[in-house]
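Before any comments, here is the structure.
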Amino acid sequence: MPRSSWTQRLEPYLMLAPAGVWLFLLLILPTLMIFQISLVPDIKPGDLVNPSSLGNYLEIFDPIVLWIVARSIGLSIATTVLCLLLGFPVAYWIALLAPRRWQNLLLLAFVLPLWTSSLLRSYAWISILRPTGVLNTILSFLHLPTLDLMNQLPAVLIGMTYSLLPYMVLILYASLEKLDRRLLEAAADLGAKPLEAFLQVTVPQVLPGIAAGVLLVFINAIGDFVNPELLGGPSSMTAARLVYSKFLGASPDWGMGSALSALLIMFVTLSIVLLLKYGDKNARTL
Amino acid sequence: MPPTSPKLPKLQISWQAWFTGLMFSFMYLPILVLAFYSVNESAVSAQWTGFSLKWYARFFHDGRIQQALLDSLKVALGSVSIAAVFGTLMAVGLSRYRFLGRDLYQNAVYLPLIIPDISIAVATLVFLAAISMPLSMGTIVASHVVFCLSYVSLAVSTRINSLDRHLEEAAQDLGATPFQSFRLVLLPQLFPAIVSGCLLAFVCSMDDFLIASFTAGGGINTLPMEIYSRIRTNLTPDLNALSVLLILASAFAVLLAEFIRYRSEQKRAI
């Protein structure tokens, strides 16, 4: 065969090197630099020679910053719980109860808003929630007391739940679709009430899917910048917003911003590792 | 007598169906609100004050927004084209070769989808400052390529795993060079996956606010950056028309990607 040995030897590099170098230079190396900078107090753009210390991380233990981190985590947990509670019945209905030929279309229609601009989704919620917005116009039309949700945590929670619900539904659907229906029938034949069958047959089968959905929503919620920034106002500062302001804000502090960003990355990675471990265990017991 | 049958079978609609309907309206409410405002005479009132297309007319005369749209399109086209080539090569390479660090390489591809955008944006800024690279449109493209690579290579990898490897071997047995068999046998089969990966990457690039605002030089203003500054300064009504047009465009892109994927699956089933 007319195949010279040097092209054969070169081929793997030609295929893998461009993307590999790109990912290394613009993803791996920068992330490692963030970890390095986070150990240098009083860093100025460009210099990397200061002595290392954990000073930047200690700044996070400032009560104000701790409070912001706690708010981020609380907000993310609340978003995740809401997405699970709202998303499960939707995924259940599409996967198990809806007419079979419509399932793909229904799922696609449900997640379609996910692909619209995240800024414009927040903007739409501003139009709905602001004092003279759609919600209050309807409420006053019905002679109900108006609500002032804008620039507060409830508005952020609504915006984040809206943005992340499609992720939850997608993952739960994938898991529910594979559900073994014969087990449900067997449970019913053996006299299980629908709720019992749901809790003892359905939920254990889709537990890996629930775990994956919860994790995906949680890590997206903790990193969300747009919703807290546009809907939350000054009172709902979150970790992601703090990182942003430490770099592009009025009083930059790259060291502390890097430390917070590094913590964010470690937190997210740790959650993924835990899920993989937990997921594996689950697969083994099945 | 009214022509209704008294013995209509009782339609049973489960509570899950009602709830799903409710959630569907939750998902589409914001979009309907934007559409409502975009054709409403008054920009501030939440009440109907009459039909008007003046916001659309204003959008088409808004030079700043058009410039921003153009910048965003350039960035998205540039980064998606680079990612299409490199991402496809990477996915094919990963499926062909076993080597030290292969798992590490494969996991690195997932990272942009896992690490929060804000962390990636900050890291890229620090890196560019450290090598004193002046910020420009090129730096936005370079940083967008990173997550576009993920979308393209994931779509292509999924497709490769479901392909028949014997076709390529057969082509080479029949005398095709490895390059010919790649171009004439493998590439046509991967094409739908490449296109759908690219469309998703394109939508994400057009939507990215954080990474662009950390890596944009002076004078570059992508569409999300322009939208952000308009929302920040005040609720300008120009956004309503723009948002409806953008939503239609991205819905079209996603449906197209989905349609291409669906068709290729149908073809395979036959």
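Every chain in the structure tokens has a letter given in the order shown (A, B, ...), and although residue numbers restart at 1 in each chain, ligands are simply numbered from 1 in the order shown.
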
Check: which chain B residues lie within 6 Å of chain A using only C-alpha atoms, as a list in words: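 Listing them in order of chain and number gives Gln16, Thr20, Pro30, Ala46, Phe86, Leu89, Met90, Gly93, Pro116, Ser119, Ala123, Thr124, Phe127, Ala130, Asp207 and Ile247 of chain B.
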
Could you tell me, as a PyMOL selection string, which residues of range 17-236 of chain B DSSP assigns to alpha helix (DSSP H) when given the backbone? chain B and resi 17-38+54-60+63-96+102-114+117-130+137-161+165-173+178-181+187-207+210-215+223-233

So what do you get for CA of Ala35 in chain B versus CA of Lys54 in chain B, distance-wise? 13.4 Å

With 12 Å as the cut-off and only C-alpha atoms counted, what is the closest atom pair between each nearby residue of range 139-223 of chain B and range 56-67 of chain B? Distances in Å to one decimal, ordered by chain and number, as JSON lines.
{"residue": "B:Gly219", "atom": "CA", "partner": "B:Gln67", "partner_atom": "CA", "distance": 10.7}
{"residue": "B:Ile220", "atom": "CA", "partner": "B:Gln67", "partner_atom": "CA", "distance": 9.4}
{"residue": "B:Asn221", "atom": "CA", "partner": "B:Gln67", "partner_atom": "CA", "distance": 8.0}
{"residue": "B:Thr222", "atom": "CA", "partner": "B:Gln67", "partner_atom": "CA", "distance": 8.3}
{"residue": "B:Leu223", "atom": "CA", "partner": "B:Ile65", "partner_atom": "CA", "distance": 7.0}

Got a sec: who's within 9 Å of range 74-76 of chain A, counting only C-alpha atoms, leaving out chain neighbours fewer than 3 positions off, as a ChimeraX atom specification? /A:69-71,79-81,153,156-157,160,217-222,238

For the residues in the current selection, export N, CA and C atoms as an mmCIF file, in the first residue's frame.
data_model
loop_
_atom_site.group_PDB
_atom_site.id
_atom_site.type_symbol
_atom_site.label_atom_id
_atom_site.label_comp_id
_atom_site.auth_asym_id
_atom_site.auth_seq_id
_atom_site.Cartn_x
_atom_site.Cartn_y
_atom_site.Cartn_z
ATOM 1 N N VAL A 69 -20.895 33.996 50.173
ATOM 2 C CA VAL A 69 -20.735 32.599 49.741
ATOM 3 C C VAL A 69 -21.923 31.767 50.225
ATOM 4 N N ALA A 70 -22.311 31.989 51.499
ATOM 5 C CA ALA A 70 -23.444 31.241 52.047
ATOM 6 C C ALA A 70 -24.719 31.536 51.252
ATOM 7 N N ARG A 71 -24.898 32.812 50.849
ATOM 8 C CA ARG A 71 -26.076 33.168 50.072
ATOM 9 C C ARG A 71 -26.069 32.446 48.728
ATOM 10 N N THR A 79 -32.769 26.761 44.287
ATOM 11 C CA THR A 79 -33.045 26.598 42.854
ATOM 12 C C THR A 79 -33.116 25.128 42.478
ATOM 13 N N THR A 80 -32.159 24.341 43.011
ATOM 14 C CA THR A 80 -32.108 22.922 42.673
ATOM 15 C C THR A 80 -33.361 22.201 43.156
ATOM 16 N N VAL A 81 -33.770 22.505 44.406
ATOM 17 C CA VAL A 81 -34.963 21.853 44.948
ATOM 18 C C VAL A 81 -36.190 22.222 44.116
ATOM 19 N N LEU A 153 -34.049 38.602 46.457
ATOM 20 C CA LEU A 153 -33.749 37.191 46.220
ATOM 21 C C LEU A 153 -34.865 36.424 45.503
ATOM 22 N N VAL A 156 -34.379 36.601 41.846
ATOM 23 C CA VAL A 156 -33.235 35.796 41.397
ATOM 24 C C VAL A 156 -33.624 34.326 41.335
ATOM 25 N N LEU A 157 -34.341 33.893 42.362
ATOM 26 C CA LEU A 157 -34.754 32.495 42.438
ATOM 27 C C LEU A 157 -35.656 32.136 41.260
ATOM 28 N N MET A 160 -33.438 32.054 38.049
ATOM 29 C CA MET A 160 -32.545 30.911 37.976
ATOM 30 C C MET A 160 -33.324 29.620 37.761
ATOM 31 N N VAL A 217 -27.865 21.066 37.736
ATOM 32 C CA VAL A 217 -28.543 22.321 38.064
ATOM 33 C C VAL A 217 -27.758 23.085 39.130
ATOM 34 N N PHE A 218 -27.263 22.340 40.114
ATOM 35 C CA PHE A 218 -26.556 23.010 41.210
ATOM 36 C C PHE A 218 -25.287 23.711 40.720
ATOM 37 N N ILE A 219 -24.470 23.017 39.899
ATOM 38 C CA ILE A 219 -23.227 23.664 39.486
ATOM 39 C C ILE A 219 -23.507 24.821 38.523
ATOM 40 N N ASN A 220 -24.570 24.722 37.746
ATOM 41 C CA ASN A 220 -24.915 25.864 36.897
ATOM 42 C C ASN A 220 -25.441 27.025 37.724
ATOM 43 N N ALA A 221 -26.166 26.706 38.804
ATOM 44 C CA ALA A 221 -26.727 27.762 39.642
ATOM 45 C C ALA A 221 -25.618 28.496 40.384
ATOM 46 N N ILE A 222 -24.643 27.741 40.893
ATOM 47 C CA ILE A 222 -23.596 28.373 41.701
ATOM 48 C C ILE A 222 -22.718 29.276 40.825
ATOM 49 N N THR A 238 -23.678 37.594 44.981
ATOM 50 C CA THR A 238 -23.325 36.175 45.054
ATOM 51 C C THR A 238 -21.829 36.011 44.786
#

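Restricting the calculation to only C-alpha atoms, the smallest distance between Ser136 in chain B and any of B:Asp71, B:Asp208, B:Glu169, B:Glu265 is found for B:Asp71.
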
Excluding same-chain residues fewer than 5 positions from range 200-202 of chain A, what lies within 12 Å of it counting only C-alpha atoms, as an MDAnalysis selection string? chainID A and resid 88 92 96 172 175:188 192:195 207:210

Kindly save the residues from that selection, with N, CA and C atoms included, as a short mmCIF file (atom, residue, chain, number, x, y, z; two decimals), in the first residue's frame.
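Output (result34.cif):
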data_model
loop_
_atom_site.label_atom_id
_atom_site.label_comp_id
_atom_site.auth_asym_id
_atom_site.auth_seq_id
_atom_site.Cartn_x
_atom_site.Cartn_y
_atom_site.Cartn_z
N PHE A 88 -39.79 17.20 37.86
CA PHE A 88 -40.08 15.77 37.88
C PHE A 88 -41.43 15.41 37.26
N TYR A 92 -41.88 13.16 33.98
CA TYR A 92 -42.66 11.94 34.17
C TYR A 92 -43.79 11.86 33.15
N LEU A 96 -43.68 9.02 30.34
CA LEU A 96 -44.48 7.81 30.60
C LEU A 96 -45.95 7.95 30.22
N LEU A 172 -33.91 14.13 33.68
CA LEU A 172 -34.90 13.23 34.29
C LEU A 172 -35.63 12.45 33.21
N SER A 175 -33.71 9.52 32.03
CA SER A 175 -33.69 8.46 33.02
C SER A 175 -35.05 7.76 33.11
N LEU A 176 -36.13 8.54 33.07
CA LEU A 176 -37.47 7.96 33.19
C LEU A 176 -37.86 7.15 31.97
N GLU A 177 -37.31 7.54 30.82
CA GLU A 177 -37.67 6.86 29.58
C GLU A 177 -37.20 5.42 29.60
N LYS A 178 -36.09 5.18 30.34
CA LYS A 178 -35.53 3.83 30.39
C LYS A 178 -36.19 2.97 31.48
N LEU A 179 -37.13 3.57 32.19
CA LEU A 179 -37.77 2.88 33.31
C LEU A 179 -38.40 1.56 32.84
N ASP A 180 -38.22 0.53 33.63
CA ASP A 180 -38.81 -0.76 33.29
C ASP A 180 -40.26 -0.79 33.78
N ARG A 181 -41.20 -0.63 32.82
CA ARG A 181 -42.60 -0.53 33.20
C ARG A 181 -43.17 -1.83 33.76
N ARG A 182 -42.54 -2.93 33.38
CA ARG A 182 -43.06 -4.22 33.86
C ARG A 182 -42.98 -4.31 35.38
N LEU A 183 -41.94 -3.65 35.94
CA LEU A 183 -41.81 -3.65 37.39
C LEU A 183 -42.98 -2.92 38.04
N LEU A 184 -43.42 -1.81 37.38
CA LEU A 184 -44.56 -1.06 37.91
C LEU A 184 -45.82 -1.91 37.88
N GLU A 185 -46.00 -2.63 36.73
CA GLU A 185 -47.17 -3.50 36.62
C GLU A 185 -47.12 -4.60 37.68
N ALA A 186 -45.91 -5.15 37.85
CA ALA A 186 -45.75 -6.21 38.85
C ALA A 186 -46.12 -5.70 40.23
N ALA A 187 -45.65 -4.47 40.53
CA ALA A 187 -45.93 -3.90 41.84
C ALA A 187 -47.43 -3.72 42.02
N ALA A 188 -48.12 -3.27 40.95
CA ALA A 188 -49.57 -3.07 41.03
C ALA A 188 -50.27 -4.41 41.21
N ALA A 192 -49.53 -3.09 45.38
CA ALA A 192 -48.97 -1.82 45.84
C ALA A 192 -49.87 -0.67 45.41
N LYS A 193 -50.04 0.29 46.33
CA LYS A 193 -50.77 1.50 45.96
C LYS A 193 -49.87 2.34 45.05
N PRO A 194 -50.50 3.21 44.21
CA PRO A 194 -49.68 3.98 43.27
C PRO A 194 -48.53 4.72 43.97
N LEU A 195 -48.79 5.32 45.13
CA LEU A 195 -47.74 6.07 45.81
C LEU A 195 -46.62 5.14 46.27
N LEU A 207 -33.00 7.10 40.51
CA LEU A 207 -32.14 7.83 41.44
C LEU A 207 -30.85 8.35 40.79
N PRO A 208 -30.17 7.56 39.94
CA PRO A 208 -28.97 8.11 39.29
C PRO A 208 -29.30 9.34 38.44
N GLY A 209 -30.46 9.30 37.77
CA GLY A 209 -30.87 10.45 36.96
C GLY A 209 -31.16 11.66 37.83
N ILE A 210 -31.81 11.44 38.96
CA ILE A 210 -32.09 12.54 39.88
C ILE A 210 -30.77 13.15 40.37
#

Kindly give the distance, in Å, that separates CA of Ala176 in chain B and CA of Pro188 in chain B, rounded to a single decimal.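 One can read the CA of Ala176 in chain B to CA of Pro188 in chain B distance as 15.4 Å.
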
Would you work out the distance separating CA of Phe24 in chain B from CA of Pro99 in chain A, expressed in Å to one decimal?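 Computing the Euclidean distance for CA of Phe24 in chain B and CA of Pro99 in chain A yields 16.6 Å.
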